[in-house]
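Dropping work27.cif in here (mmCIF, C-alpha atoms and all ligand atoms):
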```cif
data_final
loop_
_atom_site.label_atom_id
_atom_site.label_comp_id
_atom_site.auth_asym_id
_atom_site.auth_seq_id
_atom_site.Cartn_x
_atom_site.Cartn_y
_atom_site.Cartn_z
CA MET A 113 172.40 49.47 -52.78
CA ALA A 114 174.42 51.30 -55.40
CA LYS A 115 177.44 51.03 -53.20
CA ARG A 116 177.16 47.25 -53.01
CA LYS A 117 176.87 46.98 -56.78
CA VAL A 118 180.04 48.99 -57.27
CA ASN A 119 181.83 46.83 -54.74
CA ARG A 120 180.78 43.65 -56.45
CA ARG A 121 181.80 45.07 -59.77
CA GLN A 122 185.12 46.16 -58.32
CA ALA A 123 185.68 42.74 -56.82
CA TRP A 124 184.94 41.14 -60.17
CA ARG A 125 187.36 43.48 -61.94
CA ILE A 126 190.09 42.85 -59.40
CA GLU A 127 189.65 39.14 -59.77
CA LYS A 128 189.73 39.41 -63.54
CA ILE A 129 192.90 41.49 -63.45
CA GLN A 130 194.52 38.98 -61.15
CA GLN A 131 193.51 36.07 -63.38
CA GLU A 132 194.91 37.85 -66.41
CA ARG A 133 198.14 38.53 -64.58
CA ALA A 134 198.50 34.91 -63.53
CA ALA A 135 197.75 33.75 -67.07
CA ARG A 136 200.33 36.18 -68.48
CA ALA A 137 202.95 34.97 -65.99
CA SER A 138 202.24 31.36 -66.82
CA ARG A 139 202.38 32.11 -70.61
CA ARG A 140 205.71 33.87 -70.03
CA GLU A 141 207.10 30.86 -68.19
CA THR A 142 205.90 28.43 -70.85
CA ARG A 143 207.39 30.68 -73.55
CA MET A 144 210.67 30.76 -71.64
CA ASP A 145 210.75 27.00 -71.29
CA GLU A 146 209.87 26.65 -74.99
CA THR A 147 212.59 29.10 -76.03
CA LEU A 148 215.07 27.33 -73.82
CA GLU A 149 214.16 24.01 -75.37
CA GLY A 150 213.58 25.35 -78.87
CA GLY A 151 217.24 25.46 -79.81
CA GLU A 152 219.50 22.50 -80.08
CA LEU A 153 219.93 21.34 -76.52
CA GLY A 154 222.51 18.73 -75.61
CA ASN A 155 221.92 15.55 -73.64
CA GLU A 156 220.96 15.59 -70.01
CA GLN A 157 224.05 15.49 -67.85
CA GLU A 158 225.08 16.05 -64.26
CA GLY A 159 226.45 19.38 -63.05
CA LEU A 160 227.38 21.22 -59.89
CA ILE A 161 226.15 24.70 -59.05
CA ILE A 162 229.16 26.93 -58.49
CA SER A 163 227.35 30.21 -58.03
CA HIS A 164 223.90 31.69 -58.19
CA PHE A 165 222.77 35.00 -59.73
CA GLY A 166 219.05 35.68 -59.54
CA ARG A 167 217.43 33.54 -62.23
CA GLN A 168 220.76 32.21 -63.52
CA VAL A 169 223.41 29.88 -62.16
CA ASP A 170 226.96 28.94 -63.07
CA VAL A 171 227.08 25.17 -63.48
CA GLU A 172 230.24 23.11 -63.68
CA ALA A 173 229.92 20.16 -66.03
CA LEU A 174 230.74 16.98 -64.15
CA GLU A 175 230.74 14.71 -67.21
CA GLY A 176 230.72 14.72 -71.00
CA GLU A 177 232.54 16.94 -73.48
CA HIS A 178 232.25 20.06 -71.29
CA LYS A 179 233.60 18.33 -68.16
CA GLY A 180 235.35 20.80 -65.83
CA LYS A 181 233.97 23.85 -67.69
CA ILE A 182 231.65 26.36 -66.04
CA ILE A 183 228.55 27.21 -68.05
CA ARG A 184 226.03 29.97 -67.33
CA CYS A 185 222.60 28.35 -67.21
CA HIS A 186 218.99 29.41 -67.03
CA MET A 187 216.79 27.45 -64.74
CA ARG A 188 213.55 25.71 -65.58
CA THR A 189 210.81 27.12 -63.45
CA HIS A 190 209.57 25.24 -60.37
CA LEU A 191 212.94 23.73 -59.50
CA GLY A 192 212.84 25.25 -56.04
CA GLN A 193 215.70 27.19 -54.56
CA LEU A 194 218.98 25.99 -55.98
CA VAL A 195 222.19 27.14 -54.32
CA THR A 196 225.94 26.75 -54.52
CA GLY A 197 226.85 23.11 -53.95
CA ASP A 198 223.61 21.69 -55.37
CA ARG A 199 223.88 18.87 -57.89
CA VAL A 200 221.67 19.28 -60.93
CA VAL A 201 220.83 17.84 -64.32
CA TRP A 202 221.47 20.33 -67.12
CA ARG A 203 221.55 20.50 -70.92
CA ALA A 204 223.94 22.56 -72.99
CA GLY A 205 222.44 25.18 -75.34
CA ALA A 206 223.89 27.44 -78.03
CA GLU A 207 224.69 30.28 -75.67
CA HIS A 208 223.52 29.27 -72.23
CA GLY A 209 222.66 25.93 -70.72
CA VAL A 210 219.41 24.97 -69.03
CA VAL A 211 219.08 23.35 -65.63
CA VAL A 212 216.26 20.86 -66.00
CA ALA A 213 216.26 19.04 -62.65
CA ALA A 214 217.64 19.28 -59.14
CA LEU A 215 219.22 16.23 -57.51
CA SER A 216 218.57 15.53 -53.86
CA ARG A 217 220.74 17.17 -51.21
CA LYS A 218 222.85 15.48 -48.57
CA SER A 219 222.72 18.59 -46.39
CA ALA A 220 221.95 22.28 -46.55
CA LEU A 221 223.00 25.19 -44.41
CA MET A 222 219.85 27.21 -43.82
CA ARG A 223 219.69 30.80 -42.68
CA PRO A 224 216.77 33.18 -42.28
CA ASN A 225 216.74 36.17 -44.61
CA ASN A 226 215.72 39.67 -43.50
CA HIS A 227 212.07 38.70 -43.76
CA GLY A 228 212.50 35.75 -41.39
CA GLU A 229 212.14 33.20 -44.21
CA LEU A 230 214.47 30.23 -43.98
CA LYS A 231 216.68 30.03 -47.09
CA PRO A 232 219.46 27.67 -48.08
CA VAL A 233 222.94 29.27 -48.28
CA ALA A 234 224.87 26.30 -49.61
CA ALA A 235 224.15 22.61 -50.16
CA ASN A 236 225.94 19.30 -49.65
CA ILE A 237 228.31 20.72 -47.04
CA ASP A 238 230.51 18.65 -44.70
CA PHE A 239 231.96 21.48 -42.70
CA ILE A 240 230.90 24.97 -41.64
CA VAL A 241 233.90 27.15 -40.94
CA ILE A 242 232.59 29.84 -38.59
CA THR A 243 235.13 32.58 -39.17
CA VAL A 244 235.75 35.26 -36.58
CA ALA A 245 238.65 37.71 -36.53
CA VAL A 246 240.73 39.56 -34.04
CA GLU A 247 239.27 42.58 -35.84
CA PRO A 248 236.33 43.21 -36.44
CA GLU A 249 235.26 41.77 -33.09
CA PRO A 250 232.40 39.28 -33.37
CA PHE A 251 229.03 40.77 -32.49
CA ALA A 252 227.18 39.38 -29.51
CA ASN A 253 226.04 35.76 -29.75
CA LEU A 254 227.06 35.47 -33.39
CA ILE A 255 229.13 32.34 -32.82
CA ASP A 256 226.36 30.72 -30.79
CA ARG A 257 223.78 31.55 -33.46
CA TYR A 258 225.94 29.93 -36.12
CA LEU A 259 226.54 26.93 -33.88
CA VAL A 260 222.80 26.49 -33.38
CA ALA A 261 222.27 26.67 -37.16
CA ALA A 262 225.06 24.13 -37.72
CA GLU A 263 223.83 21.73 -35.02
CA LEU A 264 220.27 21.87 -36.30
CA SER A 265 221.37 21.42 -39.94
CA GLY A 266 223.42 18.39 -38.82
CA ILE A 267 226.62 19.86 -40.32
CA GLU A 268 229.87 19.80 -38.37
CA PRO A 269 231.02 23.28 -37.38
CA VAL A 270 234.57 24.41 -36.73
CA LEU A 271 235.51 27.77 -35.27
CA LEU A 272 238.27 29.66 -37.05
CA ILE A 273 240.01 32.58 -35.36
CA ASN A 274 241.42 34.62 -38.22
CA LYS A 275 243.91 37.51 -38.56
CA THR A 276 246.09 36.19 -35.73
CA ASP A 277 248.83 38.57 -36.93
CA LEU A 278 246.75 41.30 -35.25
CA LEU A 279 247.01 39.71 -31.77
CA THR A 280 248.50 42.10 -29.21
CA ASP A 281 248.89 42.15 -25.44
CA ASP A 282 245.65 44.13 -25.33
CA ASN A 283 243.41 41.68 -27.17
CA ARG A 284 245.13 38.32 -26.63
CA GLN A 285 243.32 37.57 -23.37
CA ARG A 286 239.90 38.16 -24.93
CA VAL A 287 240.70 35.88 -27.85
CA ASP A 288 242.17 33.16 -25.60
CA ARG A 289 239.07 33.22 -23.44
CA LEU A 290 236.87 32.82 -26.48
CA GLU A 291 238.95 29.92 -27.73
CA LYS A 292 238.88 28.13 -24.37
CA ALA A 293 235.12 28.54 -24.02
CA TYR A 294 234.47 26.67 -27.27
CA ARG A 295 237.20 24.08 -26.87
CA ASP A 296 235.75 23.25 -23.44
CA ILE A 297 232.44 22.25 -25.00
CA GLY A 298 234.10 20.11 -27.62
CA TYR A 299 234.36 22.29 -30.70
CA GLN A 300 237.46 22.35 -32.81
CA VAL A 301 239.08 25.79 -32.83
CA LEU A 302 241.62 26.72 -35.50
CA HIS A 303 243.81 29.76 -36.09
CA ALA A 304 244.85 31.42 -39.30
CA SER A 305 246.24 34.53 -40.86
CA ALA A 306 246.27 35.26 -44.55
CA ALA A 307 248.69 38.11 -43.82
CA ASP A 308 251.54 35.99 -42.42
CA SER A 309 250.32 32.55 -43.58
CA ALA A 310 250.14 31.21 -40.02
CA GLY A 311 247.91 28.16 -39.61
CA LEU A 312 247.27 27.69 -43.32
CA GLU A 313 248.85 24.25 -43.50
CA ALA A 314 246.80 22.92 -40.60
CA LEU A 315 243.70 24.44 -42.13
CA THR A 316 244.41 22.84 -45.51
CA SER A 317 244.88 19.42 -43.99
CA ILE A 318 241.56 19.67 -42.15
CA LEU A 319 239.62 20.99 -45.13
CA ASN A 320 241.14 18.67 -47.71
CA ASN A 321 238.70 16.28 -49.33
CA ARG A 322 235.74 17.89 -47.60
CA ILE A 323 233.21 20.43 -48.78
CA SER A 324 233.44 23.45 -46.51
CA VAL A 325 231.68 26.77 -46.41
CA PHE A 326 233.26 29.86 -44.87
CA VAL A 327 230.69 31.93 -43.02
CA GLY A 328 230.85 34.93 -40.71
CA GLN A 329 230.62 38.67 -40.38
CA SER A 330 231.73 40.91 -43.22
CA GLY A 331 235.43 41.81 -43.10
CA VAL A 332 236.67 38.83 -41.08
CA GLY A 333 238.80 37.74 -44.04
CA LYS A 334 236.89 34.81 -45.60
CA SER A 335 237.75 35.70 -49.19
CA SER A 336 241.36 36.57 -48.27
CA LEU A 337 241.73 33.11 -46.72
CA ILE A 338 240.38 31.38 -49.80
CA ASN A 339 242.84 33.41 -51.92
CA ALA A 340 245.65 32.29 -49.60
CA LEU A 341 244.59 28.64 -49.56
CA LEU A 342 244.00 28.32 -53.29
CA PRO A 343 246.71 29.79 -55.48
CA GLY A 344 245.22 31.14 -58.69
CA VAL A 345 241.95 32.15 -57.08
CA ASP A 346 241.76 35.93 -56.92
CA LEU A 347 238.64 36.91 -55.04
CA LYS A 348 237.89 40.55 -54.42
CA THR A 349 238.58 41.61 -50.83
CA GLY A 350 237.72 44.90 -49.14
CA ALA A 351 239.29 46.98 -46.38
CA LEU A 352 237.30 47.66 -43.22
CA SER A 353 235.56 51.01 -42.95
CA GLU A 354 237.87 53.60 -41.36
CA GLN A 355 235.09 54.96 -39.15
CA THR A 356 233.29 51.86 -37.91
CA ARG A 357 236.07 49.25 -38.34
CA LYS A 358 233.46 46.96 -39.86
CA GLY A 359 233.49 45.09 -43.17
CA ARG A 360 231.96 46.57 -46.32
CA HIS A 361 230.16 43.51 -47.70
CA THR A 362 232.60 42.92 -50.51
CA THR A 363 231.47 39.40 -51.47
CA THR A 364 227.92 39.43 -52.77
CA THR A 365 227.30 35.85 -53.83
CA ALA A 366 228.46 32.44 -52.63
CA ARG A 367 230.97 30.70 -54.91
CA LEU A 368 232.56 27.25 -54.86
CA PHE A 369 236.23 26.47 -55.56
CA HIS A 370 238.04 23.15 -55.80
CA PHE A 371 241.07 22.12 -53.79
CA PRO A 372 243.58 20.71 -56.29
CA SER A 373 243.85 17.51 -54.26
CA GLY A 374 240.10 17.10 -53.72
CA GLY A 375 237.46 18.85 -51.68
CA ASP A 376 235.79 22.23 -52.15
CA LEU A 377 235.74 25.61 -50.44
CA ILE A 378 232.71 27.88 -50.63
CA ASP A 379 233.10 31.61 -50.05
CA SER A 380 229.94 33.28 -48.79
CA PRO A 381 228.87 36.90 -48.35
CA GLY A 382 229.42 38.31 -44.86
CA ILE A 383 226.33 38.91 -42.83
CA ARG A 384 225.01 42.01 -41.06
CA GLU A 385 222.97 40.18 -38.50
CA PHE A 386 221.83 36.68 -37.90
CA ALA A 387 218.23 36.33 -36.90
CA LEU A 388 217.32 32.75 -36.08
CA TRP A 389 214.16 31.44 -37.58
CA HIS A 390 211.11 30.81 -35.42
CA ILE A 391 212.23 27.79 -33.50
CA ASP A 392 210.67 26.75 -30.24
CA PRO A 393 212.66 26.92 -26.98
CA ASP A 394 213.31 23.16 -26.91
CA THR A 395 214.70 23.10 -30.42
CA LEU A 396 216.91 26.07 -29.58
CA LEU A 397 218.08 24.16 -26.51
CA ASP A 398 219.10 21.29 -28.78
CA GLY A 399 221.30 23.68 -30.72
CA PHE A 400 223.49 24.07 -27.60
CA ARG A 401 225.35 20.77 -27.72
CA GLU A 402 226.53 20.71 -24.09
CA PHE A 403 222.95 21.27 -22.80
CA ARG A 404 221.66 18.04 -24.31
CA PRO A 405 222.78 15.60 -21.58
CA PHE A 406 220.69 17.61 -19.09
CA SER A 407 217.58 18.46 -21.07
CA GLY A 408 214.71 16.11 -20.30
CA HIS A 409 216.06 15.49 -16.78
CA CYS A 410 214.27 18.32 -15.00
CA ARG A 411 211.86 17.39 -12.19
CA PHE A 412 208.89 18.82 -14.10
CA ARG A 413 208.32 17.66 -17.63
CA ASP A 414 207.17 21.12 -18.69
CA CYS A 415 210.06 22.86 -16.91
CA LYS A 416 210.81 26.27 -18.43
CA HIS A 417 214.25 26.27 -16.79
CA GLN A 418 213.52 29.52 -15.02
CA LYS A 419 212.32 29.37 -11.40
CA GLU A 420 211.30 25.72 -11.20
CA PRO A 421 212.88 23.57 -8.48
CA GLY A 422 214.83 20.54 -9.64
CA CYS A 423 215.79 22.06 -13.00
CA ALA A 424 218.60 19.88 -14.35
CA LEU A 425 219.88 22.64 -16.61
CA LYS A 426 220.11 25.26 -13.88
CA GLU A 427 221.81 22.71 -11.65
CA ALA A 428 224.32 22.07 -14.43
CA VAL A 429 224.98 25.82 -14.65
CA ALA A 430 225.44 26.01 -10.86
CA ALA A 431 227.82 23.03 -10.97
CA GLY A 432 229.82 24.62 -13.79
CA SER A 433 228.99 21.90 -16.35
CA ILE A 434 227.28 24.56 -18.45
CA SER A 435 229.02 27.94 -18.66
CA GLU A 436 227.21 31.05 -17.47
CA ALA A 437 228.07 32.70 -20.78
CA ARG A 438 226.43 30.02 -22.94
CA TRP A 439 223.42 29.88 -20.61
CA ALA A 440 223.06 33.66 -20.90
CA SER A 441 223.46 33.34 -24.65
CA TYR A 442 220.60 30.83 -24.81
CA TRP A 443 218.31 33.27 -23.00
CA HIS A 444 219.46 36.19 -25.07
CA ILE A 445 218.76 34.36 -28.32
CA LEU A 446 215.44 33.06 -27.03
CA SER A 447 214.28 36.55 -26.07
CA SER A 448 215.38 37.93 -29.43
CA LEU A 449 213.31 35.23 -31.14
CA GLU A 450 210.31 36.21 -29.07
CA GLU A 451 210.80 39.89 -29.88
CA GLN A 452 211.07 39.05 -33.53
CA THR A 453 207.88 37.02 -33.46
CA THR A 454 206.09 39.92 -31.78
CA THR A 455 207.30 42.44 -34.32
CA ILE A 456 206.31 40.22 -37.20
CA ARG A 457 202.88 39.63 -35.63
CA SER A 458 202.21 43.28 -34.81
N1 LIG A 501 245.85 41.91 -40.76
C1 LIG A 501 245.16 41.07 -41.50
N2 LIG A 501 244.22 41.54 -42.34
C2 LIG A 501 243.54 40.65 -43.07
C3 LIG A 501 243.75 39.25 -42.99
N3 LIG A 501 242.89 38.64 -43.82
C4 LIG A 501 242.17 39.61 -44.42
N4 LIG A 501 242.55 40.82 -43.98
C5 LIG A 501 241.98 42.12 -44.39
O1 LIG A 501 240.65 42.21 -43.92
C6 LIG A 501 239.84 42.92 -44.86
C7 LIG A 501 238.60 42.13 -45.20
O2 LIG A 501 238.97 40.94 -45.89
P1 LIG A 501 237.98 40.12 -46.83
O3 LIG A 501 238.70 38.88 -47.22
O4 LIG A 501 237.42 40.99 -47.89
O5 LIG A 501 236.82 39.77 -45.78
P2 LIG A 501 235.48 38.91 -46.03
O6 LIG A 501 235.23 38.14 -44.80
O7 LIG A 501 235.57 38.15 -47.29
O8 LIG A 501 234.40 40.07 -46.15
P3 LIG A 501 232.96 40.08 -46.95
O9 LIG A 501 233.20 39.60 -48.34
O10 LIG A 501 232.53 41.49 -46.87
O11 LIG A 501 232.08 39.17 -46.15
C8 LIG A 501 240.76 43.21 -46.06
O12 LIG A 501 241.24 44.52 -45.92
C9 LIG A 501 241.87 42.21 -45.90
O13 LIG A 501 243.08 42.67 -46.45
C10 LIG A 501 244.77 38.80 -42.09
O14 LIG A 501 245.05 37.61 -41.93
N5 LIG A 501 245.41 39.75 -41.35
MG MG A 502 234.42 38.19 -48.98
ZN ZN A 503 214.58 22.78 -16.32
#
```
As a first step, turn the structure in this file into structure tokens.
Amino acid sequence: MAKRKVNRRQAWRIEKIQQERAARASRRETRMDETLEGGELGNEQEGLIISHFGRQVDVEALEGEHKGKIIRCHMRTHLGQLVTGDRVVWRAGAEHGVVVAALSRKSALMRPNNHGELKPVAANIDFIVITVAVEPEPFANLIDRYLVAAELSGIEPVLLINKTDLLTDDNRQRVDRLEKAYRDIGYQVLHASAADSAGLEALTSILNNRISVFVGQSGVGKSSLINALLPGVDLKTGALSEQTRKGRHTTTTARLFHFPSGGDLIDSPGIREFALWHIDPDTLLDGFREFRPFSGHCRFRDCKHQKEPGCALKEAVAAGSISEARWASYWHILSSLEEQTTTIRS
């Protein structure tokens, strides 16, 4: 009896504390909005998010007296997740500006964070430049994971093999094989080296007038390439670790730069791992572009593409229309998704 009373009382107290907390948070937000609007704010105008730092963003003014300048802005609450490349409406303040609205996106590259939540990395992108290097070697299935993300975001990917100055008789065959595998399925594969400037002209002509994001493992040379492509930009770069020969996560936040003749490049932080969000097997299958002509053509509508007779996909693998490596990659990624789901559930 007494025990129940205490419990009820406790429950009431907990609820009260939570209500007070919520009220405090909401008062804080209102106060912040009031403070932000209290001063003399300029007219509403359009801007472009260049970079994102926690609750603040750098916004480039796209019109008006500040046009071309980058202004640090606070964000009104409830604007959702704004990222580099997003178009916004903002108002200039005495010290900082305020982002008051988000404009709709043409596209967004989404990636799961370490908690499996899908987050935007950059918005309004035309091109995803999946950067791999002769060193550090790409980790297993990384390219395929990025390709799936690109295909499912509806953004055109291109594969860039970087640091070609490091090609030797020992590693050339491995790199050539990789290049052929992706060319065979219709992806564009480019080469570059910031060290000896090889391939930079071709890269510039492809990226010109587009909005591109450089993605990939840490240490593959994304920031170095942007420095080489855009004179005047001086991004921090970092040597690989002596022991592990891996990158050291030098870039910590995505940032957008303009090509002088039009188009933008976005540098992004290198990743440690790339978990794919919880997509079902059929959606994952769609992320493998060369599988699509065969999916839906299996004898059984609910074919799992494992032991079933008349499986169009397995027949395509046997006939060489789908490579063993990409087929294995599909299964590898699928099983890692299942593992992930189990760990999150347990
Ligand atoms: N040999 C050679 N080294 C390069 C080249 N490009 C970059 N590097 C070196 O590779 C290392 C990593 O370069 P970064 O540009 O910092 O790599 P990143 O991809 O931006 O790395 P994160 O910011 O950590 O994601 C640095 O020591 C660069 O000097 C290249 O073309 N050839
Ligand atoms: Mg970098
Ligand atoms: Zn099948």
*atom O14 of ligand LIG 501 (chain A) and CA of Glu313 in chain A, how far apart in Å?*
14.0 Å
*With a distance cut-off of 12 Å and all atoms listed in the file, select the neighbouring residues of Asp376 in chain A, excluding the residue or stretch itself and same-chain residues fewer than 6 positions from it, and output the selection as a PyMOL selection string.*
chain A and resi 160+162+196-197+234-240+316+318-326+338+341-342+367-370
_Just want the residues within 10 Å of ligand LIG 501 (chain A), written as a PyMOL selection string, counting all atoms listed in the file._
chain A and resi 243-248+273-279+303-310+326-340+347-353+357-366+379-384
*Please check which protein, DNA or RNA residues sit within 8 Å of ligand ZN 503 (chain A), counting only C-alpha atoms and all ligand atoms, and write them as a list in words.*
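With only C-alpha atoms and all ligand atoms and a cut-off of 8 Å, ligand ZN 503 (chain A) is contacted by Ser407, Gly408, His409, Cys410, Arg411, Phe412, Asp414, Cys415, Lys416, His417, Gln418, Glu420, Gly422, Cys423, Ala424, Leu425 and Lys426 of chain A.
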*Have a look at A:Leu388, A:Asp346, A:Arg121, A:Arg167 and name the one nearest to ligand MG 502 (chain A); count all atoms listed in the file.*
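Closest to ligand MG 502 (chain A), using all atoms listed in the file: A:Asp346.
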*asked:* So, with all atoms listed in the file as the atoms that count, which of A:Pro250, A:Ala204, A:Ser265, A:Gly166 lies closest to Thr395 in chain A?
replied: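 Checking each of A:Pro250, A:Ala204, A:Ser265, A:Gly166 against Thr395 in chain A, counting all atoms listed in the file, the winner is A:Ser265.
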_One decimal, in Å: what's the spacing between CA of Phe386 in chain A and CA of Ile255 in chain A?_
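That distance, rounded to one decimal, is 9.9 Å.
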*So which residues touch Tyr294 in chain A within 12 Å, counting only C-alpha atoms, skipping near sequence neighbours fewer than 2 positions away, as number ranges by chain?*
A: 242, 255-256, 259, 269-273, 287-292, 296-302, 400-402, 434-435, 437-438
With C-alpha atoms kept, could you save the residues just selected as a compact mmCIF listing (two decimals), in the frame of the given file?
```txt
# COMPACT_ATOMS: atom_id res chain seq x y z
CA ILE A 242 232.59 29.84 -38.59
CA ILE A 255 229.13 32.34 -32.82
CA ASP A 256 226.36 30.72 -30.79
CA LEU A 259 226.54 26.93 -33.88
CA PRO A 269 231.02 23.28 -37.38
CA VAL A 270 234.57 24.41 -36.73
CA LEU A 271 235.51 27.77 -35.27
CA LEU A 272 238.27 29.66 -37.05
CA ILE A 273 240.01 32.58 -35.36
CA VAL A 287 240.70 35.88 -27.85
CA ASP A 288 242.17 33.16 -25.60
CA ARG A 289 239.07 33.22 -23.44
CA LEU A 290 236.87 32.82 -26.48
CA GLU A 291 238.95 29.92 -27.73
CA LYS A 292 238.88 28.13 -24.37
CA ASP A 296 235.75 23.25 -23.44
CA ILE A 297 232.44 22.25 -25.00
CA GLY A 298 234.10 20.11 -27.62
CA TYR A 299 234.36 22.29 -30.70
CA GLN A 300 237.46 22.35 -32.81
CA VAL A 301 239.08 25.79 -32.83
CA LEU A 302 241.62 26.72 -35.50
CA PHE A 400 223.49 24.07 -27.60
CA ARG A 401 225.35 20.77 -27.72
CA GLU A 402 226.53 20.71 -24.09
CA ILE A 434 227.28 24.56 -18.45
CA SER A 435 229.02 27.94 -18.66
CA ALA A 437 228.07 32.70 -20.78
CA ARG A 438 226.43 30.02 -22.94
```
_Give me, as a PyMOL selection string, all polymer residues having an atom no more than 9 Å from Gly159 in chain A, counting all atoms listed in the file and skipping those fewer than 4 positions away in the same chain._
chain A and resi 171-175+179+198-202+211
